[in-house]
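Below is one structure, written out as structure tokens; the observations come after it.
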Amino acid sequence: MISNLHFDTEQIREQDRHWIHPWENFKTAGTTPRTIIARSEGIYLTDTEGNRLIDGPAGMWCVNIGHGNSEMAEAIAEQVRRMPYYSPWSLGNVPAAELSAKLAALAPGDLDHVFFTTGGSTAVDSALRFVMYLNNCLGRPEKKHIISRQDAYHGATYLAASCSGKPRDKVLLDFETGFIHHIGSPNPYRRPAELSVEDFCDARIAELEAKILELGPDRVAAFIAEPVLASGGVIVPPPGYHKRCLEVCRRHDVLYISDEVVTAFGRLGHFFASEAVFEVVPDIILTAKGITSGYLPLGAVLISDRLIQQLSGKEAESGMFANGFTYSGHPVVCAAALKNLEIMARDGFMEHVREVGPYFQARLRELADIPIVGEVRGMGLMACVECALDGDARDSLEVGYDVGARIDRHCQALGLLVRPLGPMCVMSPPLIITKAQIDELVGILRKGIEAAMAELRAEGIWKG
Ligand SMILES: Cc1ncc(COP(=O)(O)O)c(C=O)c1O
């Protein structure tokens, strides 16, 4: 426990000015006081001023088992004492070997092979490099095109960022556009008004097939998709969408890559969601975040035995897959992941999420009666409250883009950290959250949204 530590917030903020944060806005950097988190326990954070906040986003979709778990601290310290690091190139280590076998056992189908990375973005890049390598080995070097989707988020390395499809992330940076393509987002909330959800789903499936045919099936290598588009605003695609995408991919010999960086390790009540929730056994699954509950950075690419078999054996033309990182299979990080998975299984995390998830979703949906709330959606322990100031979902992006930030500001003052994304507030609390804590979270969120609404009305921005 470090509860008695005292912090000089102003001094820390001054030091913090040297830190270029992710998605830094250089124009305004340092001009708005940043909340500095100093301690955390369970689902709660404490800032340097001593304010207690519910951790609405679980860090960044990752602190699944909750903060301050002393078993994790012990496991990490023990591995540091035993053997902190050795090169993964030609040598093995005990935790990484054990973890790869464990992941192979938990993963669906024949996804038996694991490539360790340092996080989600490097998992995306490694998967795409693997696909390129595979097709080069198989003598089809032209089969390189990748299809992704609008609203997707796949990370911040060059290839991963190029696969992402959020318009606001696409300004002032360069992206690979030669072989990475995007089809429409499967967001039922923003579907054309004249389409039913079923017709909308049909249209998105047809669009995927049309894109493959346009590019040429012999040139398309893979389709990459998050089961639920997380940072795009917790977009749950229409029923059957993923299964039908997989069928299209199979028809045209296109690999299906499921980006489970957010959805794996319990957020939807299963270790992996692809098959258990969406009835899809992909060729490749990407994971990170919840694999260590964010205690240490780790990513993993799970690859099917079918693909590895094509590269193995005497007849195979393959050579070295020259891709990897100094910290691939880092023993301390893998020891943390093993302990995390042990805790999740032993303490019934999947069962708990399957029990409280529907309650979380039902309580949050009560917020739909607030006039500026356009839609509440989600699944398991991930959800999004999307505001629509003019009552028209399709126009909400143009209206008051800072609505989420205003709600976050009010919620923070009331004891809840939310993740604002434009007009959306995203929620993905630690999986240990109880029903009483869900009540606390929803109660604060309601007050925060109502306070923001009153403010918007007073400023004449919302006319309701
Ligand atoms: C679905 C998805 N894929 C990939 C990433 C990138 O992971 P990282 O930030 O660990 O590189 C993220 C991060 O939020 C994500 O949500």
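Each chain of the structure tokens is named A, B, ... in the order shown, its residues numbered from 1; ligands are numbered from 1 in display order.
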Query raised in the report: Which polymer residues have any atom within 6 Å of an atom of range 118-134 of chain A, counting only C-alpha atoms, with same-chain residues fewer than 2 positions away left out, as a PyMOL selection string?
Result: chain A and resi 136-137+155-157+159-160+288+297-301
Query raised in the report: Which polymer residues have any atom within 9 Å of an atom of Tyr256 in chain A, counting only C-alpha atoms, with same-chain residues fewer than 4 positions away left out, as a ChimeraX atom specification?
Result: /A:221-225,245-246,249-250,281-285
For the residues in that selection, give me C-alpha atoms as a JSON list (two decimals), in the first residue's frame.
```
[["chain", "number", "residue", "atom", "x", "y", "z"],
["A", 221, "ALA", "CA", -4.53, -11.73, -48.61],
["A", 222, "ALA", "CA", -6.63, -10.99, -45.54],
["A", 223, "PHE", "CA", -9.63, -9.33, -43.95],
["A", 224, "ILE", "CA", -8.98, -7.84, -40.49],
["A", 225, "ALA", "CA", -11.82, -7.16, -38.05],
["A", 245, "CYS", "CA", -17.78, -12.31, -43.50],
["A", 246, "LEU", "CA", -15.86, -15.50, -42.74],
["A", 249, "CYS", "CA", -13.36, -14.93, -47.00],
["A", 250, "ARG", "CA", -13.35, -18.73, -47.21],
["A", 281, "VAL", "CA", -12.90, -19.64, -35.97],
["A", 282, "PRO", "CA", -10.44, -17.22, -37.56],
["A", 283, "ASP", "CA", -7.11, -18.04, -39.18],
["A", 284, "ILE", "CA", -5.32, -15.60, -36.91],
["A", 285, "ILE", "CA", -6.31, -14.00, -33.60]]
```
Query raised in the report: Skipping near chain neighbours, those fewer than 4 positions away, what residues fall within 9 Å of Leu367 in chain A using only C-alpha atoms, listed as a list in words?
Result: Arg363, Val373, Glu375, Val376, Val385, Val442, Leu445, Arg446 and Ile449 of chain A
Query - Filtered DSSP result for range 140-366 of chain A, state strand (DSSP E or B), as number ranges by chain - result: A: 145-149, 180-183, 220-225, 229, 235, 255-259, 284-287, 299-304
Query raised in the report: Which one of A:Ser328, A:Ser304, A:Thr434, A:Ser162 sits closest to Phe360 in chain A if you count only C-alpha atoms?
Result: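 Using only C-alpha atoms, the shortest distance to Phe360 in chain A belongs to A:Thr434.
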Report task. Would you please work out which residue, of A:Arg409, A:His154, A:Lys170, A:Arg17, is nearest to Leu229 in chain A when using only C-alpha atoms? Result ->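 Comparing A:Arg409, A:His154, A:Lys170, A:Arg17 against Leu229 in chain A, the winner is A:His154.
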**Report entry** Which residue of A:Ala451, A:Pro331, A:Leu441, A:Ile65 approaches Gly348 in chain A most closely, using only C-alpha atoms
**Finding:** A:Ile65
Report task. Would you please give, as JSON, numbers by chain, all residues of range 222-272 of chain A that DSSP assigns to helix (DSSP H, G or I) based on the backbone? Result -> {"A": [241, 242, 243, 244, 245, 246, 247, 248, 249, 250, 251]}
Report task. Would you mind listing what lies within 12 Å of Arg457 in chain A as an NGL selection string, with only C-alpha atoms counted and same-chain residues fewer than 6 positions away left out? Result -> :A and (371-372 or 389 or 400 or 403 or 450-451 or 463-464)
Report task. Find the residues near Asn64 in chain A: any atom within 7 Å, counting only C-alpha atoms, skip ones fewer than 6 places away on the same chain, and give them as a PyMOL selection string. Result -> chain A and resi 58+290+293+430-431
Write out, as a tab-separated table (two decimals), in the first residue's frame, the residues just selected, with C-alpha atoms.
```
chain	number	residue	atom	x	y	z
A	58	ALA	CA	-10.24	0.02	-16.96
A	290	GLY	CA	-6.26	-8.07	-20.95
A	293	SER	CA	-4.63	-7.15	-17.32
A	430	PRO	CA	-12.51	-3.77	-14.56
A	431	LEU	CA	-14.22	-7.15	-14.76
```
Query raised in the report: What separation in Å, quoted to one decimal, exists between atom 16 (O, counted along the ligand's line) of ligand 1 and CA of Gly59 in chain A?
Result: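 Going from atom 16 (O, counted along the ligand's line) of ligand 1 over to CA of Gly59 in chain A covers 12.0 Å.
When only C-alpha atoms and all ligand atoms are used to compute distances to ligand 1, the closest of the residues A:Ala264, A:Leu416, A:Val353, A:Leu138 turns out to be A:Ala264.
Between CA of His182 in chain A and CA of Arg149 in chain A the interatomic distance comes to 4.6 Å.
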Can you list, as a compact mmCIF listing (two decimals) with N, CA and C atoms, in the first residue's frame, every protein, DNA or RNA residue that comes within 9 Å of range 202-216 of chain A when you count only C-alpha atoms, leaving out same-chain residues fewer than 6 positions away?
```txt
# COMPACT_ATOMS: atom_id res chain seq x y z
N HIS A 145 -3.05 -7.76 -50.65
CA HIS A 145 -3.98 -6.70 -50.24
C HIS A 145 -4.74 -7.07 -48.96
N ILE A 147 -8.00 -6.00 -46.39
CA ILE A 147 -9.27 -5.25 -46.30
C ILE A 147 -9.61 -5.03 -44.82
N HIS A 181 -7.11 -1.41 -47.73
CA HIS A 181 -8.37 -0.85 -48.20
C HIS A 181 -9.42 -0.94 -47.07
N HIS A 182 -10.43 -0.07 -47.17
CA HIS A 182 -11.48 -0.06 -46.15
C HIS A 182 -12.86 -0.22 -46.77
N ILE A 183 -13.66 -1.05 -46.12
CA ILE A 183 -15.08 -1.09 -46.49
C ILE A 183 -15.87 -0.41 -45.36
N GLY A 184 -17.18 -0.31 -45.51
CA GLY A 184 -17.99 0.46 -44.56
C GLY A 184 -18.07 -0.18 -43.17
N SER A 185 -18.33 0.69 -42.20
CA SER A 185 -18.47 0.23 -40.81
C SER A 185 -19.80 -0.53 -40.65
N PRO A 186 -19.77 -1.61 -39.88
CA PRO A 186 -21.03 -2.35 -39.67
C PRO A 186 -21.84 -1.77 -38.51
N PHE A 223 -8.63 -10.26 -44.48
CA PHE A 223 -9.63 -9.33 -43.95
C PHE A 223 -9.34 -9.24 -42.45
N TYR A 241 -23.17 -11.16 -38.81
CA TYR A 241 -22.23 -10.42 -39.67
C TYR A 241 -20.88 -11.12 -39.79
N ARG A 244 -20.86 -14.47 -41.65
CA ARG A 244 -21.02 -14.30 -43.09
C ARG A 244 -19.76 -13.71 -43.72
N CYS A 245 -19.07 -12.83 -42.99
CA CYS A 245 -17.78 -12.31 -43.50
C CYS A 245 -16.80 -13.48 -43.67
N VAL A 248 -17.53 -15.43 -46.76
CA VAL A 248 -17.05 -14.73 -47.97
C VAL A 248 -15.54 -14.94 -48.10
N CYS A 249 -14.82 -14.77 -46.96
CA CYS A 249 -13.36 -14.93 -47.00
C CYS A 249 -12.99 -16.34 -47.44
N HIS A 252 -13.20 -17.09 -51.11
CA HIS A 252 -12.20 -16.47 -52.00
C HIS A 252 -10.77 -16.67 -51.50
N VAL A 254 -9.35 -15.96 -48.71
CA VAL A 254 -8.84 -14.77 -48.03
C VAL A 254 -8.78 -15.10 -46.54
```
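For the set A:Lys339, A:Arg377, A:His67, A:Lys166, the residue with the smallest atom-to-atom gap to ligand 1 is A:Lys166, counting only C-alpha atoms and all ligand atoms.
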Query raised in the report: Looking at A:Tyr44, A:Trp89, A:Phe200, A:Tyr327, which one is nearest to Val63 in chain A, with distances taken over only C-alpha atoms?
Result: A:Tyr44
